[in-house]
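Engineer: Can you read through this structure? Questions will come right after.
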Amino acid sequence: MKRPLLLAILSLFIANAAVADQIGIYADATGSSCNLTGTGLTETVAVIHKSTSGAAGSRFRIDHSAATGINVVGMIFPSPSVPIGNIETDMLVDYGGCRNGSILVGSLQIIWSPGASGTLSVVNPQPFRTVVSIHCDFGEYAATGGQASINGASDPCGGPLAVEPSTWGSVKALYR
């Protein structure tokens with residue numbers, strides 16, 4: 001009896017993890033590239049919330065501690081969004097309604113210096129443990145934060161790291 005109950009609970013956690021929303025930084029409002037390439041002194045990049053179940057808001061902060069040669073100036077929010085807080089410590093954004101798909105949270109304004117590199121990241125505000133997605137039922141759910149690479153300094157979008165190649169025999173040996 002305990003095993004089926006444990007499996008049912010575990011499957012609920014896995015199902016919820018699979019549909020987690022993601023909030024990231026992209027080169028433009030299409031949300032197709034996380035590689036920021038500064039072409040001028042100032043640049044505007046997009047913060048996008050990708051939601052499959054619908055979202056009414058989010059809570060996050062922008063971390064630029066791993067970036068050199070850039071200065072985050074501020075963020076412009078589209079109407080009818082209502083922002084509360086500071087993007088570097090705790091930003092709460094009400095989208096003004098329920099939305100699906102790729103939602104433009106705002107346009108992040110940055111100033112570039114020659115040779116800028118590193119990453120910009122969407123991370124959890126303190127004291128929260130994760131980035132927060134506020135769904136259309138007004139429930140707060142954990143979301144993943146994304147990162148953008150500055151001038152190709154790292155893997156765009158913070159993708160998974162490559163693993164070492166191995167043989168099928170060495171993998172099978174792990175399960176003997």
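Naming scheme: A, B, ... for chains in displayed order of the structure tokens; residues 1 onward per chain; ligands 1 onward as shown.
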I'd like a table as CSV: residues in region 24-72 of chain A with an atom no more than 12 Å from region 79-86 of chain A, each row giving the shortest atom pair and its distance in Å to one decimal, only C-alpha atoms counted, sorted by chain and rising residue number.
Structural biologist:
residue,atom,partner,partner_atom,distance
A:Ala56,CA,A:Ser81,CA,9.6
A:Gly57,CA,A:Ser81,CA,8.7
A:Ser58,CA,A:Pro83,CA,9.7
A:Arg59,CA,A:Ile84,CA,9.5
A:Phe60,CA,A:Asn86,CA,9.6
A:Arg61,CA,A:Asn86,CA,7.7
A:Ile62,CA,A:Asn86,CA,9.2
A:Asp63,CA,A:Asn86,CA,11.7
A:Val72,CA,A:Asn86,CA,11.8
Engineer: Given the selection you just returned, output its residues as a file containing C-alpha atoms, formatted as a tab-separated table (two decimals), in the first residue's frame.
Structural biologist:
chain	number	residue	atom	x	y	z
A	56	ALA	CA	-0.93	36.55	-14.46
A	57	GLY	CA	2.40	37.71	-13.01
A	58	SER	CA	5.89	36.86	-11.80
A	59	ARG	CA	8.41	37.60	-9.07
A	60	PHE	CA	12.16	37.57	-9.68
A	61	ARG	CA	15.33	39.66	-9.72
A	62	ILE	CA	18.03	40.29	-12.32
A	63	ASP	CA	21.55	39.20	-11.35
A	72	VAL	CA	21.86	47.48	-15.96
Engineer: Extract, using only C-alpha atoms, all DNA, RNA and protein residues at most 12 Å from Ala148 (chain A), discarding same-chain residues fewer than 3 positions from it, and format them as an mmCIF file with all heavy atoms, in the first residue's frame.
Structural biologist:
data_model
loop_
_atom_site.group_PDB
_atom_site.id
_atom_site.type_symbol
_atom_site.label_atom_id
_atom_site.label_comp_id
_atom_site.auth_asym_id
_atom_site.auth_seq_id
_atom_site.Cartn_x
_atom_site.Cartn_y
_atom_site.Cartn_z
ATOM 1 N N ILE A 23 11.365 31.969 -16.940
ATOM 2 C CA ILE A 23 11.504 33.406 -17.169
ATOM 3 C C ILE A 23 12.970 33.655 -17.488
ATOM 4 O O ILE A 23 13.849 33.339 -16.691
ATOM 5 C CB ILE A 23 11.057 34.221 -15.941
ATOM 6 C CG1 ILE A 23 9.602 33.885 -15.596
ATOM 7 C CG2 ILE A 23 11.224 35.719 -16.203
ATOM 8 C CD1 ILE A 23 9.120 34.426 -14.279
ATOM 9 N N GLY A 24 13.228 34.185 -18.677
ATOM 10 C CA GLY A 24 14.602 34.350 -19.110
ATOM 11 C C GLY A 24 14.853 35.680 -19.788
ATOM 12 O O GLY A 24 13.943 36.481 -19.999
ATOM 13 N N ILE A 25 16.104 35.895 -20.149
ATOM 14 C CA ILE A 25 16.545 37.120 -20.817
ATOM 15 C C ILE A 25 16.924 36.752 -22.245
ATOM 16 O O ILE A 25 17.702 35.823 -22.465
ATOM 17 C CB ILE A 25 17.742 37.746 -20.075
ATOM 18 C CG1 ILE A 25 17.340 38.078 -18.635
ATOM 19 C CG2 ILE A 25 18.235 38.994 -20.812
ATOM 20 C CD1 ILE A 25 18.493 38.517 -17.756
ATOM 21 N N TYR A 26 16.375 37.490 -23.204
ATOM 22 C CA TYR A 26 16.560 37.179 -24.617
ATOM 23 C C TYR A 26 16.997 38.420 -25.386
ATOM 24 O O TYR A 26 16.727 39.550 -24.976
ATOM 25 C CB TYR A 26 15.260 36.623 -25.204
ATOM 26 C CG TYR A 26 14.845 35.335 -24.549
ATOM 27 C CD1 TYR A 26 14.036 35.340 -23.413
ATOM 28 C CD2 TYR A 26 15.290 34.109 -25.026
ATOM 29 C CE1 TYR A 26 13.666 34.165 -22.794
ATOM 30 C CE2 TYR A 26 14.936 32.925 -24.410
ATOM 31 C CZ TYR A 26 14.116 32.951 -23.293
ATOM 32 O OH TYR A 26 13.767 31.788 -22.672
ATOM 33 N N ALA A 27 17.616 38.176 -26.547
ATOM 34 C CA ALA A 27 18.116 39.266 -27.379
ATOM 35 C C ALA A 27 16.984 40.128 -27.931
ATOM 36 O O ALA A 27 17.172 41.318 -28.156
ATOM 37 C CB ALA A 27 18.960 38.712 -28.524
ATOM 38 N N ASP A 28 15.803 39.540 -28.138
ATOM 39 C CA ASP A 28 14.664 40.314 -28.640
ATOM 40 C C ASP A 28 13.361 39.705 -28.143
ATOM 41 O O ASP A 28 13.365 38.691 -27.457
ATOM 42 C CB ASP A 28 14.684 40.417 -30.166
ATOM 43 C CG ASP A 28 14.620 39.057 -30.847
ATOM 44 O OD1 ASP A 28 14.157 38.076 -30.226
ATOM 45 O OD2 ASP A 28 15.027 38.975 -32.013
ATOM 46 N N GLY A 31 12.108 35.799 -28.217
ATOM 47 C CA GLY A 31 12.561 34.790 -27.268
ATOM 48 C C GLY A 31 13.284 33.632 -27.919
ATOM 49 O O GLY A 31 13.280 32.523 -27.407
ATOM 50 N N SER A 32 13.952 33.889 -29.030
ATOM 51 C CA SER A 32 14.609 32.798 -29.740
ATOM 52 C C SER A 32 16.115 32.715 -29.477
ATOM 53 O O SER A 32 16.715 31.672 -29.709
ATOM 54 C CB SER A 32 14.354 32.925 -31.244
ATOM 55 O OG SER A 32 14.852 34.156 -31.716
ATOM 56 N N SER A 33 16.742 33.781 -28.988
ATOM 57 C CA SER A 33 18.187 33.751 -28.755
ATOM 58 C C SER A 33 18.536 34.357 -27.404
ATOM 59 O O SER A 33 18.067 35.438 -27.057
ATOM 60 C CB SER A 33 18.917 34.534 -29.854
ATOM 61 O OG SER A 33 20.290 34.614 -29.553
ATOM 62 N N CYS A 34 19.389 33.642 -26.669
ATOM 63 C CA CYS A 34 19.870 34.137 -25.375
ATOM 64 C C CYS A 34 21.290 34.662 -25.472
ATOM 65 O O CYS A 34 21.931 34.887 -24.454
ATOM 66 C CB CYS A 34 19.825 33.020 -24.335
ATOM 67 S SG CYS A 34 18.183 32.422 -24.011
ATOM 68 N N ASN A 35 21.806 34.840 -26.678
ATOM 69 C CA ASN A 35 23.152 35.367 -26.858
ATOM 70 C C ASN A 35 23.054 36.858 -27.153
ATOM 71 O O ASN A 35 22.612 37.254 -28.234
ATOM 72 C CB ASN A 35 23.887 34.636 -27.980
ATOM 73 C CG ASN A 35 25.352 34.997 -28.030
ATOM 74 O OD1 ASN A 35 25.889 35.605 -27.109
ATOM 75 N ND2 ASN A 35 26.009 34.631 -29.100
ATOM 76 N N LEU A 36 23.433 37.672 -26.186
ATOM 77 C CA LEU A 36 23.367 39.125 -26.333
ATOM 78 C C LEU A 36 24.679 39.615 -26.932
ATOM 79 O O LEU A 36 25.743 39.350 -26.404
ATOM 80 C CB LEU A 36 23.133 39.786 -24.975
ATOM 81 C CG LEU A 36 21.997 39.233 -24.122
ATOM 82 C CD1 LEU A 36 21.900 39.988 -22.808
ATOM 83 C CD2 LEU A 36 20.686 39.264 -24.868
ATOM 84 N N THR A 37 24.583 40.322 -28.040
ATOM 85 C CA THR A 37 25.774 40.856 -28.694
ATOM 86 C C THR A 37 25.619 42.360 -28.797
ATOM 87 O O THR A 37 24.847 42.850 -29.617
ATOM 88 C CB THR A 37 25.974 40.251 -30.096
ATOM 89 O OG1 THR A 37 24.782 40.446 -30.849
ATOM 90 C CG2 THR A 37 26.268 38.766 -30.014
ATOM 91 N N VAL A 45 17.091 44.615 -24.161
ATOM 92 C CA VAL A 45 16.880 43.180 -24.313
ATOM 93 C C VAL A 45 15.581 42.803 -23.620
ATOM 94 O O VAL A 45 15.084 43.550 -22.767
ATOM 95 C CB VAL A 45 18.072 42.367 -23.775
ATOM 96 C CG1 VAL A 45 19.338 42.683 -24.561
ATOM 97 C CG2 VAL A 45 18.304 42.610 -22.305
ATOM 98 N N ALA A 46 15.015 41.661 -23.981
ATOM 99 C CA ALA A 46 13.696 41.275 -23.487
ATOM 100 C C ALA A 46 13.774 40.292 -22.333
ATOM 101 O O ALA A 46 14.571 39.355 -22.357
ATOM 102 C CB ALA A 46 12.888 40.668 -24.621
ATOM 103 N N VAL A 47 12.920 40.499 -21.339
ATOM 104 C CA VAL A 47 12.698 39.525 -20.283
ATOM 105 C C VAL A 47 11.362 38.878 -20.627
ATOM 106 O O VAL A 47 10.341 39.562 -20.715
ATOM 107 C CB VAL A 47 12.660 40.173 -18.883
ATOM 108 C CG1 VAL A 47 12.325 39.143 -17.819
ATOM 109 C CG2 VAL A 47 13.991 40.839 -18.569
ATOM 110 N N ILE A 48 11.386 37.563 -20.865
ATOM 111 C CA ILE A 48 10.193 36.858 -21.337
ATOM 112 C C ILE A 48 9.839 35.719 -20.396
ATOM 113 O O ILE A 48 10.699 34.962 -19.957
ATOM 114 C CB ILE A 48 10.419 36.314 -22.768
ATOM 115 C CG1 ILE A 48 10.633 37.486 -23.723
ATOM 116 C CG2 ILE A 48 9.251 35.446 -23.224
ATOM 117 C CD1 ILE A 48 10.949 37.075 -25.136
ATOM 118 N N ILE A 62 17.016 40.415 -11.290
ATOM 119 C CA ILE A 62 18.034 40.289 -12.322
ATOM 120 C C ILE A 62 19.399 40.312 -11.643
ATOM 121 O O ILE A 62 19.709 41.225 -10.883
ATOM 122 C CB ILE A 62 17.950 41.448 -13.351
ATOM 123 C CG1 ILE A 62 16.563 41.516 -13.988
ATOM 124 C CG2 ILE A 62 19.055 41.326 -14.389
ATOM 125 C CD1 ILE A 62 16.205 40.349 -14.859
ATOM 126 N N ASP A 63 20.205 39.286 -11.916
ATOM 127 C CA ASP A 63 21.554 39.198 -11.351
ATOM 128 C C ASP A 63 22.568 39.453 -12.464
ATOM 129 O O ASP A 63 22.602 38.724 -13.451
ATOM 130 C CB ASP A 63 21.763 37.814 -10.744
ATOM 131 C CG ASP A 63 23.150 37.649 -10.135
ATOM 132 O OD1 ASP A 63 23.830 38.664 -9.867
ATOM 133 O OD2 ASP A 63 23.562 36.483 -9.930
ATOM 134 N N HIS A 64 23.383 40.490 -12.300
ATOM 135 C CA HIS A 64 24.424 40.779 -13.292
ATOM 136 C C HIS A 64 25.816 40.701 -12.666
ATOM 137 O O HIS A 64 26.772 41.235 -13.208
ATOM 138 C CB HIS A 64 24.180 42.136 -13.980
ATOM 139 C CG HIS A 64 24.102 43.296 -13.048
ATOM 140 N ND1 HIS A 64 25.206 43.997 -12.656
ATOM 141 C CD2 HIS A 64 23.048 43.860 -12.440
ATOM 142 C CE1 HIS A 64 24.836 44.962 -11.831
ATOM 143 N NE2 HIS A 64 23.527 44.900 -11.689
ATOM 144 N N ALA A 66 27.746 38.183 -12.600
ATOM 145 C CA ALA A 66 28.657 37.379 -13.423
ATOM 146 C C ALA A 66 28.951 38.055 -14.760
ATOM 147 O O ALA A 66 29.469 37.428 -15.672
ATOM 148 C CB ALA A 66 28.055 35.995 -13.659
ATOM 149 N N ALA A 67 28.623 39.318 -14.873
ATOM 150 C CA ALA A 67 28.849 40.065 -16.113
ATOM 151 C C ALA A 67 29.869 41.170 -15.871
ATOM 152 O O ALA A 67 29.839 41.834 -14.846
ATOM 153 C CB ALA A 67 27.546 40.657 -16.610
ATOM 154 N N SER A 117 31.479 40.865 -21.258
ATOM 155 C CA SER A 117 31.340 39.408 -21.295
ATOM 156 C C SER A 117 30.638 38.935 -20.025
ATOM 157 O O SER A 117 30.384 39.711 -19.113
ATOM 158 C CB SER A 117 32.705 38.738 -21.420
ATOM 159 O OG SER A 117 33.467 38.986 -20.256
ATOM 160 N N GLY A 118 30.332 37.641 -19.993
ATOM 161 C CA GLY A 118 29.694 37.050 -18.821
ATOM 162 C C GLY A 118 28.250 36.684 -19.082
ATOM 163 O O GLY A 118 27.861 36.422 -20.220
ATOM 164 N N THR A 119 27.459 36.674 -18.014
ATOM 165 C CA THR A 119 26.049 36.312 -18.131
ATOM 166 C C THR A 119 25.160 37.235 -17.312
ATOM 167 O O THR A 119 25.578 37.773 -16.287
ATOM 168 C CB THR A 119 25.796 34.861 -17.661
ATOM 169 O OG1 THR A 119 26.242 34.730 -16.306
ATOM 170 C CG2 THR A 119 26.486 33.846 -18.538
ATOM 171 N N LEU A 120 23.937 37.404 -17.786
ATOM 172 C CA LEU A 120 22.849 38.047 -17.052
ATOM 173 C C LEU A 120 21.869 36.944 -16.708
ATOM 174 O O LEU A 120 21.570 36.103 -17.564
ATOM 175 C CB LEU A 120 22.129 39.085 -17.909
ATOM 176 C CG LEU A 120 22.776 40.422 -18.149
ATOM 177 C CD1 LEU A 120 21.934 41.234 -19.122
ATOM 178 C CD2 LEU A 120 22.915 41.176 -16.845
ATOM 179 N N SER A 121 21.344 36.932 -15.486
ATOM 180 C CA SER A 121 20.461 35.845 -15.074
ATOM 181 C C SER A 121 19.206 36.362 -14.400
ATOM 182 O O SER A 121 19.223 37.388 -13.721
ATOM 183 C CB SER A 121 21.182 34.919 -14.098
ATOM 184 O OG SER A 121 22.356 34.408 -14.662
ATOM 185 N N VAL A 122 18.123 35.609 -14.572
ATOM 186 C CA VAL A 122 16.895 35.810 -13.811
ATOM 187 C C VAL A 122 16.978 34.821 -12.660
ATOM 188 O O VAL A 122 17.076 33.614 -12.886
ATOM 189 C CB VAL A 122 15.638 35.552 -14.666
ATOM 190 C CG1 VAL A 122 14.385 35.616 -13.812
ATOM 191 C CG2 VAL A 122 15.556 36.547 -15.808
ATOM 192 N N VAL A 123 16.958 35.327 -11.425
ATOM 193 C CA VAL A 123 17.117 34.479 -10.245
ATOM 194 C C VAL A 123 16.026 34.804 -9.218
ATOM 195 O O VAL A 123 15.260 35.756 -9.371
ATOM 196 C CB VAL A 123 18.525 34.635 -9.610
ATOM 197 C CG1 VAL A 123 19.601 34.176 -10.580
ATOM 198 C CG2 VAL A 123 18.780 36.063 -9.186
ATOM 199 N N GLY A 145 14.560 30.145 -13.702
ATOM 200 C CA GLY A 145 15.128 31.382 -14.217
ATOM 201 C C GLY A 145 16.111 31.062 -15.322
ATOM 202 O O GLY A 145 16.807 30.055 -15.265
ATOM 203 N N ASN A 151 28.001 38.366 -25.469
ATOM 204 C CA ASN A 151 29.023 38.183 -26.503
ATOM 205 C C ASN A 151 29.589 36.762 -26.541
ATOM 206 O O ASN A 151 30.788 36.565 -26.675
ATOM 207 C CB ASN A 151 30.152 39.205 -26.341
ATOM 208 C CG ASN A 151 29.691 40.600 -26.678
ATOM 209 O OD1 ASN A 151 28.915 40.802 -27.609
ATOM 210 N ND2 ASN A 151 30.160 41.583 -25.927
ATOM 211 N N GLY A 152 28.714 35.775 -26.373
ATOM 212 C CA GLY A 152 29.130 34.379 -26.475
ATOM 213 C C GLY A 152 30.046 33.905 -25.376
ATOM 214 O O GLY A 152 30.813 32.967 -25.567
ATOM 215 N N ALA A 153 29.960 34.523 -24.177
ATOM 216 C CA ALA A 153 30.856 34.170 -23.073
ATOM 217 C C ALA A 153 30.590 32.778 -22.519
ATOM 218 O O ALA A 153 31.462 32.182 -21.920
ATOM 219 C CB ALA A 153 30.735 35.197 -21.955
ATOM 220 N N SER A 154 29.390 32.253 -22.694
ATOM 221 C CA SER A 154 29.064 30.922 -22.187
ATOM 222 C C SER A 154 27.980 30.326 -23.068
ATOM 223 O O SER A 154 27.601 30.902 -24.074
ATOM 224 C CB SER A 154 28.598 31.010 -20.733
ATOM 225 O OG SER A 154 27.365 31.692 -20.671
ATOM 226 N N ASP A 155 27.468 29.187 -22.651
ATOM 227 C CA ASP A 155 26.416 28.514 -23.397
ATOM 228 C C ASP A 155 25.160 29.380 -23.399
ATOM 229 O O ASP A 155 24.641 29.709 -22.341
ATOM 230 C CB ASP A 155 26.129 27.162 -22.741
ATOM 231 C CG ASP A 155 25.081 26.365 -23.470
ATOM 232 O OD1 ASP A 155 24.955 26.534 -24.699
ATOM 233 O OD2 ASP A 155 24.395 25.569 -22.816
ATOM 234 N N PRO A 156 24.662 29.786 -24.577
ATOM 235 C CA PRO A 156 23.444 30.594 -24.611
ATOM 236 C C PRO A 156 22.284 29.881 -23.923
ATOM 237 O O PRO A 156 22.134 28.690 -24.026
ATOM 238 C CB PRO A 156 23.157 30.763 -26.107
ATOM 239 C CG PRO A 156 24.468 30.574 -26.768
ATOM 240 C CD PRO A 156 25.202 29.567 -25.913
ATOM 241 N N CYS A 157 21.495 30.634 -23.219
ATOM 242 C CA CYS A 157 20.313 30.169 -22.483
ATOM 243 C C CYS A 157 20.649 29.271 -21.301
ATOM 244 O O CYS A 157 19.772 28.689 -20.693
ATOM 245 C CB CYS A 157 19.310 29.483 -23.393
ATOM 246 S SG CYS A 157 18.688 30.561 -24.696
ATOM 247 N N GLY A 158 21.928 29.147 -20.969
ATOM 248 C CA GLY A 158 22.289 28.342 -19.801
ATOM 249 C C GLY A 158 21.909 26.894 -19.946
ATOM 250 O O GLY A 158 21.466 26.271 -19.006
ATOM 251 N N GLY A 159 22.079 26.330 -21.139
ATOM 252 C CA GLY A 159 21.695 24.956 -21.418
ATOM 253 C C GLY A 159 22.491 23.959 -20.605
ATOM 254 O O GLY A 159 23.414 24.306 -19.889
#
Engineer: Which residue is closest to Gln126 (chain A)? Choose from A:Gly96, A:Phe138, A:Ile110, A:Glu88 and count only C-alpha atoms.
Structural biologist: A:Glu88
Engineer: Please run DSSP on the backbone and report, as a PDB file with N, CA and C atoms, in the first residue's frame, all residues within region 97-162 of chain A that come out as strand (DSSP E).
Structural biologist:
ATOM      1  N   GLY A  97      -3.709  40.695 -16.428  1.00  0.00           N
ATOM      2  CA  GLY A  97      -4.627  39.693 -16.961  1.00  0.00           C
ATOM      3  C   GLY A  97      -3.908  38.376 -17.163  1.00  0.00           C
ATOM      4  N   CYS A  98      -4.665  37.358 -17.509  1.00  0.00           N
ATOM      5  CA  CYS A  98      -4.119  36.031 -17.737  1.00  0.00           C
ATOM      6  C   CYS A  98      -3.589  35.936 -19.169  1.00  0.00           C
ATOM      7  N   ARG A  99      -2.361  35.431 -19.322  1.00  0.00           N
ATOM      8  CA  ARG A  99      -1.733  35.315 -20.648  1.00  0.00           C
ATOM      9  C   ARG A  99      -1.082  33.956 -20.794  1.00  0.00           C
ATOM     10  N   ASN A 100      -0.954  33.499 -22.034  1.00  0.00           N
ATOM     11  CA  ASN A 100      -0.325  32.216 -22.354  1.00  0.00           C
ATOM     12  C   ASN A 100       0.823  32.421 -23.313  1.00  0.00           C
ATOM     13  N   GLY A 101       1.693  31.408 -23.389  1.00  0.00           N
ATOM     14  CA  GLY A 101       2.773  31.435 -24.367  1.00  0.00           C
ATOM     15  C   GLY A 101       3.954  32.256 -23.896  1.00  0.00           C
ATOM     16  N   SER A 102       4.563  32.995 -24.830  1.00  0.00           N
ATOM     17  CA  SER A 102       5.700  33.864 -24.511  1.00  0.00           C
ATOM     18  C   SER A 102       5.186  35.253 -24.148  1.00  0.00           C
ATOM     19  N   ILE A 103       5.354  35.614 -22.900  1.00  0.00           N
ATOM     20  CA  ILE A 103       4.834  36.870 -22.369  1.00  0.00           C
ATOM     21  C   ILE A 103       5.993  37.843 -22.169  1.00  0.00           C
ATOM     22  N   LEU A 104       5.921  38.999 -22.810  1.00  0.00           N
ATOM     23  CA  LEU A 104       6.953  40.018 -22.605  1.00  0.00           C
ATOM     24  C   LEU A 104       6.733  40.657 -21.241  1.00  0.00           C
ATOM     25  N   VAL A 105       7.634  40.358 -20.312  1.00  0.00           N
ATOM     26  CA  VAL A 105       7.550  40.938 -18.969  1.00  0.00           C
ATOM     27  C   VAL A 105       8.012  42.385 -19.008  1.00  0.00           C
ATOM     28  N   GLY A 106       9.084  42.640 -19.746  1.00  0.00           N
ATOM     29  CA  GLY A 106       9.611  43.988 -19.858  1.00  0.00           C
ATOM     30  C   GLY A 106      10.864  44.034 -20.698  1.00  0.00           C
ATOM     31  N   SER A 107      11.314  45.234 -20.974  1.00  0.00           N
ATOM     32  CA  SER A 107      12.531  45.454 -21.761  1.00  0.00           C
ATOM     33  C   SER A 107      13.616  45.971 -20.839  1.00  0.00           C
ATOM     34  N   LEU A 108      14.667  45.181 -20.700  1.00  0.00           N
ATOM     35  CA  LEU A 108      15.785  45.504 -19.824  1.00  0.00           C
ATOM     36  C   LEU A 108      16.748  46.414 -20.578  1.00  0.00           C
ATOM     37  N   GLN A 109      17.087  47.546 -19.990  1.00  0.00           N
ATOM     38  CA  GLN A 109      17.996  48.493 -20.620  1.00  0.00           C
ATOM     39  C   GLN A 109      19.382  48.344 -20.015  1.00  0.00           C
ATOM     40  N   ILE A 110      20.374  48.131 -20.892  1.00  0.00           N
ATOM     41  CA  ILE A 110      21.745  47.965 -20.419  1.00  0.00           C
ATOM     42  C   ILE A 110      22.689  48.875 -21.200  1.00  0.00           C
ATOM     43  N   ILE A 111      23.787  49.245 -20.545  1.00  0.00           N
ATOM     44  CA  ILE A 111      24.840  50.037 -21.172  1.00  0.00           C
ATOM     45  C   ILE A 111      26.052  49.123 -21.332  1.00  0.00           C
ATOM     46  N   TRP A 112      26.613  49.080 -22.544  1.00  0.00           N
ATOM     47  CA  TRP A 112      27.736  48.215 -22.879  1.00  0.00           C
ATOM     48  C   TRP A 112      29.054  48.959 -22.810  1.00  0.00           C
ATOM     49  N   SER A 113      30.097  48.262 -22.429  1.00  0.00           N
ATOM     50  CA  SER A 113      31.475  48.734 -22.559  1.00  0.00           C
ATOM     51  C   SER A 113      32.165  47.805 -23.550  1.00  0.00           C
ATOM     52  N   PRO A 114      33.186  48.275 -24.241  1.00  0.00           N
ATOM     53  CA  PRO A 114      33.919  47.387 -25.154  1.00  0.00           C
ATOM     54  C   PRO A 114      34.461  46.173 -24.398  1.00  0.00           C
ATOM     55  N   GLY A 115      34.327  45.001 -24.991  1.00  0.00           N
ATOM     56  CA  GLY A 115      34.823  43.777 -24.375  1.00  0.00           C
ATOM     57  C   GLY A 115      33.924  43.194 -23.303  1.00  0.00           C
ATOM     58  N   ALA A 116      32.671  43.601 -23.250  1.00  0.00           N
ATOM     59  CA  ALA A 116      31.743  43.068 -22.251  1.00  0.00           C
ATOM     60  C   ALA A 116      31.626  41.557 -22.398  1.00  0.00           C
ATOM     61  N   SER A 117      31.479  40.865 -21.258  1.00  0.00           N
ATOM     62  CA  SER A 117      31.340  39.408 -21.295  1.00  0.00           C
ATOM     63  C   SER A 117      30.638  38.935 -20.025  1.00  0.00           C
ATOM     64  N   GLY A 118      30.332  37.641 -19.993  1.00  0.00           N
ATOM     65  CA  GLY A 118      29.694  37.050 -18.821  1.00  0.00           C
ATOM     66  C   GLY A 118      28.250  36.684 -19.082  1.00  0.00           C
ATOM     67  N   THR A 119      27.459  36.674 -18.014  1.00  0.00           N
ATOM     68  CA  THR A 119      26.049  36.312 -18.131  1.00  0.00           C
ATOM     69  C   THR A 119      25.160  37.235 -17.312  1.00  0.00           C
ATOM     70  N   LEU A 120      23.937  37.404 -17.786  1.00  0.00           N
ATOM     71  CA  LEU A 120      22.849  38.047 -17.052  1.00  0.00           C
ATOM     72  C   LEU A 120      21.869  36.944 -16.708  1.00  0.00           C
ATOM     73  N   SER A 121      21.344  36.932 -15.486  1.00  0.00           N
ATOM     74  CA  SER A 121      20.461  35.845 -15.074  1.00  0.00           C
ATOM     75  C   SER A 121      19.206  36.362 -14.400  1.00  0.00           C
ATOM     76  N   VAL A 122      18.123  35.609 -14.572  1.00  0.00           N
ATOM     77  CA  VAL A 122      16.895  35.810 -13.811  1.00  0.00           C
ATOM     78  C   VAL A 122      16.978  34.821 -12.660  1.00  0.00           C
ATOM     79  N   VAL A 123      16.958  35.327 -11.425  1.00  0.00           N
ATOM     80  CA  VAL A 123      17.117  34.479 -10.245  1.00  0.00           C
ATOM     81  C   VAL A 123      16.026  34.804  -9.218  1.00  0.00           C
ATOM     82  N   VAL A 131      12.444  31.415  -8.518  1.00  0.00           N
ATOM     83  CA  VAL A 131      11.707  32.424  -9.270  1.00  0.00           C
ATOM     84  C   VAL A 131      10.240  32.014  -9.153  1.00  0.00           C
ATOM     85  N   VAL A 132       9.329  32.978  -9.093  1.00  0.00           N
ATOM     86  CA  VAL A 132       7.918  32.677  -8.864  1.00  0.00           C
ATOM     87  C   VAL A 132       7.082  33.044 -10.090  1.00  0.00           C
ATOM     88  N   SER A 133       6.223  32.111 -10.488  1.00  0.00           N
ATOM     89  CA  SER A 133       5.236  32.360 -11.530  1.00  0.00           C
ATOM     90  C   SER A 133       3.870  32.418 -10.864  1.00  0.00           C
ATOM     91  N   ILE A 134       3.137  33.485 -11.108  1.00  0.00           N
ATOM     92  CA  ILE A 134       1.791  33.611 -10.561  1.00  0.00           C
ATOM     93  C   ILE A 134       0.827  33.200 -11.667  1.00  0.00           C
ATOM     94  N   HIS A 135       0.196  32.037 -11.477  1.00  0.00           N
ATOM     95  CA  HIS A 135      -0.690  31.506 -12.505  1.00  0.00           C
ATOM     96  C   HIS A 135      -2.031  32.224 -12.499  1.00  0.00           C
ATOM     97  N   GLU A 140       0.861  30.782  -6.495  1.00  0.00           N
ATOM     98  CA  GLU A 140       2.279  31.037  -6.760  1.00  0.00           C
ATOM     99  C   GLU A 140       2.998  29.709  -6.911  1.00  0.00           C
ATOM    100  N   TYR A 141       3.707  29.555  -8.043  1.00  0.00           N
ATOM    101  CA  TYR A 141       4.377  28.314  -8.369  1.00  0.00           C
ATOM    102  C   TYR A 141       5.844  28.580  -8.685  1.00  0.00           C
ATOM    103  N   ALA A 142       6.677  27.582  -8.413  1.00  0.00           N
ATOM    104  CA  ALA A 142       8.098  27.706  -8.726  1.00  0.00           C
ATOM    105  C   ALA A 142       8.293  27.739 -10.236  1.00  0.00           C
ATOM    106  N   ALA A 143       9.149  28.620 -10.683  1.00  0.00           N
ATOM    107  CA  ALA A 143       9.515  28.719 -12.093  1.00  0.00           C
ATOM    108  C   ALA A 143      11.030  28.639 -12.183  1.00  0.00           C
ATOM    109  N   THR A 144      11.522  28.372 -13.368  1.00  0.00           N
ATOM    110  CA  THR A 144      12.964  28.371 -13.557  1.00  0.00           C
ATOM    111  C   THR A 144      13.393  29.726 -14.105  1.00  0.00           C
ATOM    112  N   GLY A 145      14.560  30.145 -13.702  1.00  0.00           N
ATOM    113  CA  GLY A 145      15.128  31.382 -14.217  1.00  0.00           C
ATOM    114  C   GLY A 145      16.111  31.062 -15.322  1.00  0.00           C
ATOM    115  N   GLN A 147      19.213  32.387 -18.218  1.00  0.00           N
ATOM    116  CA  GLN A 147      20.359  33.288 -18.295  1.00  0.00           C
ATOM    117  C   GLN A 147      20.681  33.585 -19.736  1.00  0.00           C
ATOM    118  N   ALA A 148      21.280  34.723 -19.945  1.00  0.00           N
ATOM    119  CA  ALA A 148      21.706  35.137 -21.275  1.00  0.00           C
ATOM    120  C   ALA A 148      23.217  35.304 -21.272  1.00  0.00           C
ATOM    121  N   SER A 149      23.830  34.905 -22.352  1.00  0.00           N
ATOM    122  CA  SER A 149      25.270  35.026 -22.523  1.00  0.00           C
ATOM    123  C   SER A 149      25.582  36.366 -23.182  1.00  0.00           C
ATOM    124  N   ILE A 150      26.615  37.035 -22.697  1.00  0.00           N
ATOM    125  CA  ILE A 150      27.027  38.320 -23.262  1.00  0.00           C
ATOM    126  C   ILE A 150      28.202  38.074 -24.198  1.00  0.00           C
TER     127      ILE A 150
END
Engineer: If you run DSSP on the backbone, which residues of region 6-172 of chain A are alpha helix (DSSP H), as a list in words?
Structural biologist: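 These are the residues in question: Leu6, Leu7, Ala8, Ile9, Leu10, Ser11, Leu12, Phe13, Ile14, Ala15, Asn16, Ala17, Ala18, Trp168, Gly169, Ser170, Val171 and Lys172 of chain A.
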